[in-house]
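The next block is entry21.csv, given as CSV, C-alpha atoms.
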```
chain,number,residue,atom,x,y,z
A,11,MET,CA,88.4,42.5,117.3
A,12,ILE,CA,84.8,41.5,118.0
A,13,ASP,CA,83.9,41.2,121.6
A,14,PHE,CA,81.0,38.8,121.8
A,15,VAL,CA,79.0,38.7,125.0
A,16,PHE,CA,76.8,35.6,125.3
A,17,ASP,CA,75.3,32.9,127.5
A,18,PHE,CA,75.3,29.2,126.5
A,19,THR,CA,71.7,28.8,127.6
A,20,SER,CA,70.4,31.6,125.3
A,21,VAL,CA,68.9,30.4,122.0
A,22,ASP,CA,69.5,33.9,120.6
A,23,CYS,CA,73.3,33.5,121.4
A,24,TRP,CA,73.3,30.1,119.8
A,25,LEU,CA,71.7,31.4,116.7
A,26,ALA,CA,74.3,34.3,116.6
A,27,PHE,CA,77.3,32.0,117.1
A,28,ARG,CA,77.8,30.7,113.5
A,29,PRO,CA,77.0,34.0,111.7
A,30,THR,CA,79.5,35.7,114.1
A,31,CYS,CA,82.2,33.1,113.3
A,32,ARG,CA,81.5,33.5,109.5
A,33,LEU,CA,82.0,37.2,109.7
A,34,ALA,CA,85.1,36.9,111.8
A,35,ASP,CA,86.6,34.4,109.4
A,36,GLU,CA,85.7,36.4,106.4
A,37,LEU,CA,87.3,39.6,107.8
A,38,ARG,CA,90.1,37.7,109.5
A,39,VAL,CA,89.4,39.4,112.9
A,40,PRO,CA,89.6,37.6,116.2
A,41,VAL,CA,86.6,37.1,118.5
A,42,ASN,CA,86.9,37.6,122.2
A,43,TRP,CA,84.4,35.1,123.8
A,44,LEU,CA,82.9,36.8,126.8
A,45,PRO,CA,80.4,34.7,128.7
A,46,MET,CA,77.8,36.5,130.8
A,47,ARG,CA,75.2,34.6,132.8
A,48,VAL,CA,71.6,35.8,132.2
A,49,PRO,CA,68.8,33.7,133.8
A,50,ALA,CA,66.5,32.3,131.2
A,51,LYS,CA,62.9,33.4,131.6
A,52,ALA,CA,60.3,30.7,132.1
A,53,ALA,CA,57.7,30.4,129.4
A,54,ALA,CA,54.6,32.4,130.2
A,55,GLU,CA,51.4,30.4,130.1
A,56,ALA,CA,47.9,31.7,129.3
A,57,LYS,CA,45.7,32.1,132.4
A,58,GLU,CA,42.1,32.9,132.8
A,59,ASN,CA,42.4,36.5,134.2
A,60,GLU,CA,45.6,37.7,132.7
A,61,SER,CA,46.2,41.4,132.5
A,62,VAL,CA,46.9,43.3,129.2
A,63,GLY,CA,50.6,43.4,130.2
A,64,GLU,CA,50.7,39.7,131.0
A,65,ARG,CA,49.0,38.9,127.7
A,66,HIS,CA,51.4,41.1,125.8
A,67,ALA,CA,54.5,39.5,127.4
A,68,ARG,CA,53.1,36.0,126.7
A,69,VAL,CA,52.2,36.7,123.1
A,70,ARG,CA,55.6,38.4,122.5
A,71,ALA,CA,57.5,35.4,124.1
A,72,GLU,CA,55.4,32.9,121.9
A,73,TYR,CA,56.3,34.9,118.8
A,74,MET,CA,60.0,35.1,119.7
A,75,ALA,CA,60.0,31.3,120.3
A,76,SER,CA,58.4,30.6,116.9
A,77,GLU,CA,60.8,33.1,115.2
A,78,ASN,CA,63.8,31.4,116.8
A,79,ALA,CA,62.5,28.0,115.7
A,80,ARG,CA,62.1,29.3,112.1
A,81,TYR,CA,65.6,30.7,112.0
A,82,ALA,CA,67.1,27.6,113.6
A,83,GLU,CA,65.4,25.4,110.9
A,84,ARG,CA,66.6,27.7,108.1
A,85,LEU,CA,70.2,27.7,109.5
A,86,GLY,CA,70.2,24.0,110.2
A,87,VAL,CA,70.8,24.6,113.9
A,88,PRO,CA,69.4,22.1,116.4
A,89,LEU,CA,67.1,23.3,119.2
A,90,LYS,CA,66.4,20.1,121.0
A,91,ARG,CA,66.0,21.6,124.5
A,92,SER,CA,65.3,24.8,126.5
A,93,GLY,CA,67.8,26.8,128.4
A,94,ALA,CA,65.3,27.5,131.2
A,95,GLY,CA,66.4,26.5,134.6
A,96,VAL,CA,70.0,25.7,133.6
A,97,ASP,CA,72.8,27.4,135.3
A,98,SER,CA,75.6,28.2,132.9
A,99,TRP,CA,78.2,29.4,135.4
A,100,LEU,CA,80.4,26.3,135.1
A,101,ALA,CA,80.6,26.4,131.3
A,102,ALA,CA,81.0,30.2,131.4
A,103,ALA,CA,84.0,30.0,133.8
A,104,ALA,CA,85.5,27.2,131.7
A,105,CYS,CA,85.1,29.3,128.6
A,106,ILE,CA,87.4,31.9,130.1
A,107,TRP,CA,89.9,29.2,130.9
A,108,ALA,CA,89.7,27.8,127.4
A,109,SER,CA,90.2,31.3,125.9
A,110,GLU,CA,93.3,31.8,128.0
A,111,HIS,CA,94.6,28.5,126.5
A,112,ASP,CA,93.8,29.5,122.8
A,113,ALA,CA,90.9,27.1,122.7
A,114,GLY,CA,88.0,29.6,123.2
A,115,ARG,CA,86.2,29.2,119.9
A,116,GLU,CA,86.5,25.4,119.8
A,117,PHE,CA,85.2,25.3,123.4
A,118,VAL,CA,82.3,27.6,122.7
A,119,GLU,CA,81.4,25.6,119.6
A,120,ARG,CA,81.5,22.3,121.4
A,121,VAL,CA,79.5,23.5,124.3
A,122,PHE,CA,76.8,25.3,122.2
A,123,GLU,CA,76.4,22.3,119.9
A,124,GLY,CA,76.4,19.7,122.8
A,125,PHE,CA,73.9,21.7,124.9
A,126,TRP,CA,71.4,22.6,122.2
A,127,GLU,CA,71.6,19.0,120.7
A,128,ALA,CA,70.6,17.8,124.3
A,129,ARG,CA,73.7,15.6,124.6
A,130,LEU,CA,75.8,17.8,127.0
A,131,ASP,CA,74.9,18.7,130.6
A,132,ILE,CA,76.7,22.0,131.1
A,133,GLU,CA,76.3,21.7,134.9
A,134,ASP,CA,78.4,18.5,134.9
A,135,ALA,CA,82.0,19.4,135.9
A,136,ALA,CA,83.4,16.1,134.6
A,137,ALA,CA,81.8,16.8,131.1
A,138,ILE,CA,83.1,20.4,131.0
A,139,THR,CA,86.6,19.6,132.2
A,140,GLY,CA,86.6,16.7,129.7
A,141,ILE,CA,86.1,19.1,126.9
A,142,LEU,CA,88.9,21.3,128.2
A,143,ASP,CA,91.2,18.4,128.4
A,144,GLU,CA,90.5,17.3,124.9
A,145,LEU,CA,91.2,20.8,123.6
A,146,GLY,CA,94.5,21.0,125.4
A,147,ALA,CA,93.4,23.2,128.3
A,148,PRO,CA,93.8,20.9,131.3
A,149,GLY,CA,94.0,22.0,134.9
A,150,PHE,CA,90.8,24.0,135.2
A,151,ASP,CA,90.3,25.2,138.8
A,152,LEU,CA,86.6,25.7,139.7
A,153,ASP,CA,87.3,28.3,142.4
A,154,ALA,CA,89.6,30.4,140.2
A,155,GLY,CA,87.2,30.1,137.3
A,156,ALA,CA,84.3,31.4,139.5
A,157,HIS,CA,86.5,34.3,140.5
A,158,ARG,CA,87.5,35.1,136.9
A,159,LEU,CA,83.8,34.9,135.8
A,160,GLU,CA,82.8,37.4,138.6
A,161,GLU,CA,85.6,39.8,137.5
A,162,LEU,CA,84.4,39.5,133.9
A,163,GLY,CA,80.9,40.3,134.9
A,164,GLU,CA,82.0,43.4,136.6
A,165,GLU,CA,84.1,44.4,133.6
A,166,LEU,CA,81.2,43.9,131.2
A,167,ALA,CA,78.8,45.9,133.5
A,168,GLU,CA,81.4,48.8,133.4
A,169,ARG,CA,81.4,48.6,129.6
A,170,GLY,CA,77.6,48.9,129.6
A,171,ALA,CA,76.7,45.3,128.6
A,172,PHE,CA,73.4,44.3,130.1
A,173,GLY,CA,71.9,41.7,127.8
A,174,ILE,CA,72.8,39.0,125.3
A,175,PRO,CA,73.9,38.5,122.7
A,176,THR,CA,75.9,41.8,122.7
A,177,TYR,CA,78.7,42.9,120.5
A,178,LEU,CA,81.3,45.4,121.6
A,179,VAL,CA,83.1,46.7,118.5
A,180,GLU,CA,85.1,49.8,117.9
A,181,GLY,CA,83.9,51.4,121.2
A,182,GLN,CA,80.2,50.8,120.3
A,183,MET,CA,77.7,48.3,121.7
A,184,PHE,CA,75.2,46.3,119.6
A,185,MET,CA,72.5,44.0,121.0
A,186,GLY,CA,71.5,41.1,118.7
A,187,ARG,CA,72.8,39.3,115.6
A,188,GLN,CA,70.8,41.6,113.4
A,189,HIS,CA,73.6,44.2,113.8
A,190,LEU,CA,76.2,42.0,112.1
A,191,PRO,CA,75.9,44.1,108.8
A,192,MET,CA,76.7,47.3,110.8
A,193,ILE,CA,79.6,45.5,112.6
A,194,ARG,CA,80.9,44.4,109.2
A,195,TRP,CA,80.7,48.1,108.0
A,196,LEU,CA,82.6,49.3,111.1
A,197,LEU,CA,85.3,46.7,110.7
A,198,THR,CA,85.8,47.3,106.9
A,199,GLY,CA,86.5,51.0,107.1
A,200,GLN,CA,83.0,52.6,107.3
A,201,GLU,CA,82.9,53.4,103.6
A,202,GLY,CA,79.5,54.6,102.3
A,203,PRO,CA,76.4,55.4,104.4
A,204,GLY,CA,76.4,52.1,106.3
A,205,PRO,CA,73.7,49.5,106.3
A,206,LEU,CA,70.8,51.5,107.9
```

Let's see the structure in the file written out as structure tokens.
Amino acid sequence: MIDFVFDFTSVDCWLAFRPTCRLADELRVPVNWLPMRVPAKAAAEAKENESVGERHARVRAEYMASENARYAERLGVPLKRSGAGVDSWLAAAACIWASEHDAGREFVERVFEGFWEARLDIEDAAAITGILDELGAPGFDLDAGAHRLEELGEELAERGAFGIPTYLVEGQMFMGRQHLPMIRWLLTGQEGPGPL
């Protein structure tokens, strides 16, 4: 089992989605889709009297954005929008509902693709429940979904998850898709020294 902690508005999570699915398919292991809302940081802009710390944060953010764009292009993954300022709670709560109706992966894929292709408003209840209906998971209740999302957030905090994307596998936590080789090693019997 791969527990995948993610936020629909995170480009890092979107870039991790397909490689995670490929690994799960190859090893024939299920993925537990665990949405966690993490506010997107606004892009830092250069200013006249920025401190060394502010400059460092801005340059790092600019580099990460260019790196994500490079990976997205290489992977053929669209990045037609930003996740900044978008509240993912509705899609996250609906993801839990979809997973409970055996449609988790399909829901996650549809929402990620729609959001990052700039053709899905994940704050639109009609659009989100429409996807659930199409996937055979009708009857989503917003209040119950919000409650389940809050419970999941508490559970993830107890398990030590604090950022995204995070993988919880074999009692260990890994932050970022760069750890997929180590996760593969764990799930295939830990033969050899491991991909370090």

- Query: Counting all atoms listed in the file, what is within 9 Å of Gly149 (chain A), bar same-chain residues fewer than 6 positions away, as a VMD selection string?
  - Reply: chain A and resid 139 142 to 143

Tell me, counting only C-alpha atoms, for each residue of region 98-200 of chain A within 12 Å of region 24-30 of chain A, which pair of atoms is nearest and how far apart they are in Å to one decimal, in rows ordered by chain and increasing number, as CSV.
```
residue,atom,partner,partner_atom,distance
A:Arg115,CA,A:Phe27,CA,9.7
A:Glu116,CA,A:Phe27,CA,11.6
A:Val118,CA,A:Phe27,CA,8.7
A:Glu119,CA,A:Phe27,CA,8.0
A:Arg120,CA,A:Phe27,CA,11.4
A:Val121,CA,A:Trp24,CA,10.1
A:Phe122,CA,A:Trp24,CA,6.4
A:Glu123,CA,A:Trp24,CA,8.4
A:Gly124,CA,A:Trp24,CA,11.3
A:Phe125,CA,A:Trp24,CA,9.8
A:Trp126,CA,A:Trp24,CA,8.1
A:Glu127,CA,A:Trp24,CA,11.3
A:Ile174,CA,A:Ala26,CA,10.0
A:Pro175,CA,A:Ala26,CA,7.4
A:Thr176,CA,A:Ala26,CA,9.8
A:Tyr177,CA,A:Thr30,CA,9.7
A:Met185,CA,A:Ala26,CA,10.8
A:Gly186,CA,A:Ala26,CA,7.6
A:Arg187,CA,A:Ala26,CA,5.3
A:Gln188,CA,A:Ala26,CA,8.7
A:His189,CA,A:Ala26,CA,10.3
A:Leu190,CA,A:Thr30,CA,7.4
A:Pro191,CA,A:Thr30,CA,10.6
A:Ile193,CA,A:Thr30,CA,9.9
A:Arg194,CA,A:Thr30,CA,10.1
```

- Query: What is the distance, in Å and to one decimal place, between CA of Gly140 (chain A) and CA of Phe117 (chain A)?
  - Reply: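 The value is 10.8 Å.
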
- Item | Residue among A:Ala102, A:Leu178, A:Met183, A:Cys23 lying closest to His157 (chain A), counting only C-alpha atoms | A:Ala102

- Message: Could you check the closest approach to Lys90 (chain A) for each of A:Ala137, A:Leu44, A:Ile106, A:Val21 and tell me which residue wins, using only C-alpha atoms?
- Response: A:Val21

- Item | Near-Arg169 (chain A) list (10 Å; only C-alpha atoms; drop same-chain fewer than 2 positions) as number ranges by chain | A: 163-167, 171-172, 178, 181-183

Export C-alpha atoms of the chosen residues as a PDB file, in the frame of the given file?
```pdb
ATOM      1  CA  GLY A 163      80.900  40.300 134.900  1.00  0.00           C
ATOM      2  CA  GLU A 164      82.000  43.400 136.600  1.00  0.00           C
ATOM      3  CA  GLU A 165      84.100  44.400 133.600  1.00  0.00           C
ATOM      4  CA  LEU A 166      81.200  43.900 131.200  1.00  0.00           C
ATOM      5  CA  ALA A 167      78.800  45.900 133.500  1.00  0.00           C
ATOM      6  CA  ALA A 171      76.700  45.300 128.600  1.00  0.00           C
ATOM      7  CA  PHE A 172      73.400  44.300 130.100  1.00  0.00           C
ATOM      8  CA  LEU A 178      81.300  45.400 121.600  1.00  0.00           C
ATOM      9  CA  GLY A 181      83.900  51.400 121.200  1.00  0.00           C
ATOM     10  CA  GLN A 182      80.200  50.800 120.300  1.00  0.00           C
ATOM     11  CA  MET A 183      77.700  48.300 121.700  1.00  0.00           C
TER      12      MET A 183
END
```

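The residue that comes closest to Asp13 (chain A), out of A:Ile141, A:Ala128, A:Val39, A:Ala101 and on the basis of all atoms listed in the file, is A:Val39.
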
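Relative to CA of Asp112 (chain A), CA of Val41 (chain A) is found at 11.3 Å.
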
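Remark: for Leu37 (chain A), the closest of the candidate residues A:Ala154, A:Leu206, A:Ile138, A:Ile12 is A:Ile12 (distances computed over only C-alpha atoms).
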
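Among the candidates A:Asp22, A:Asp131, A:Glu60, A:Glu144, the residue lying nearest to Val87 (chain A) is A:Asp22 (atoms considered: all atoms listed in the file).
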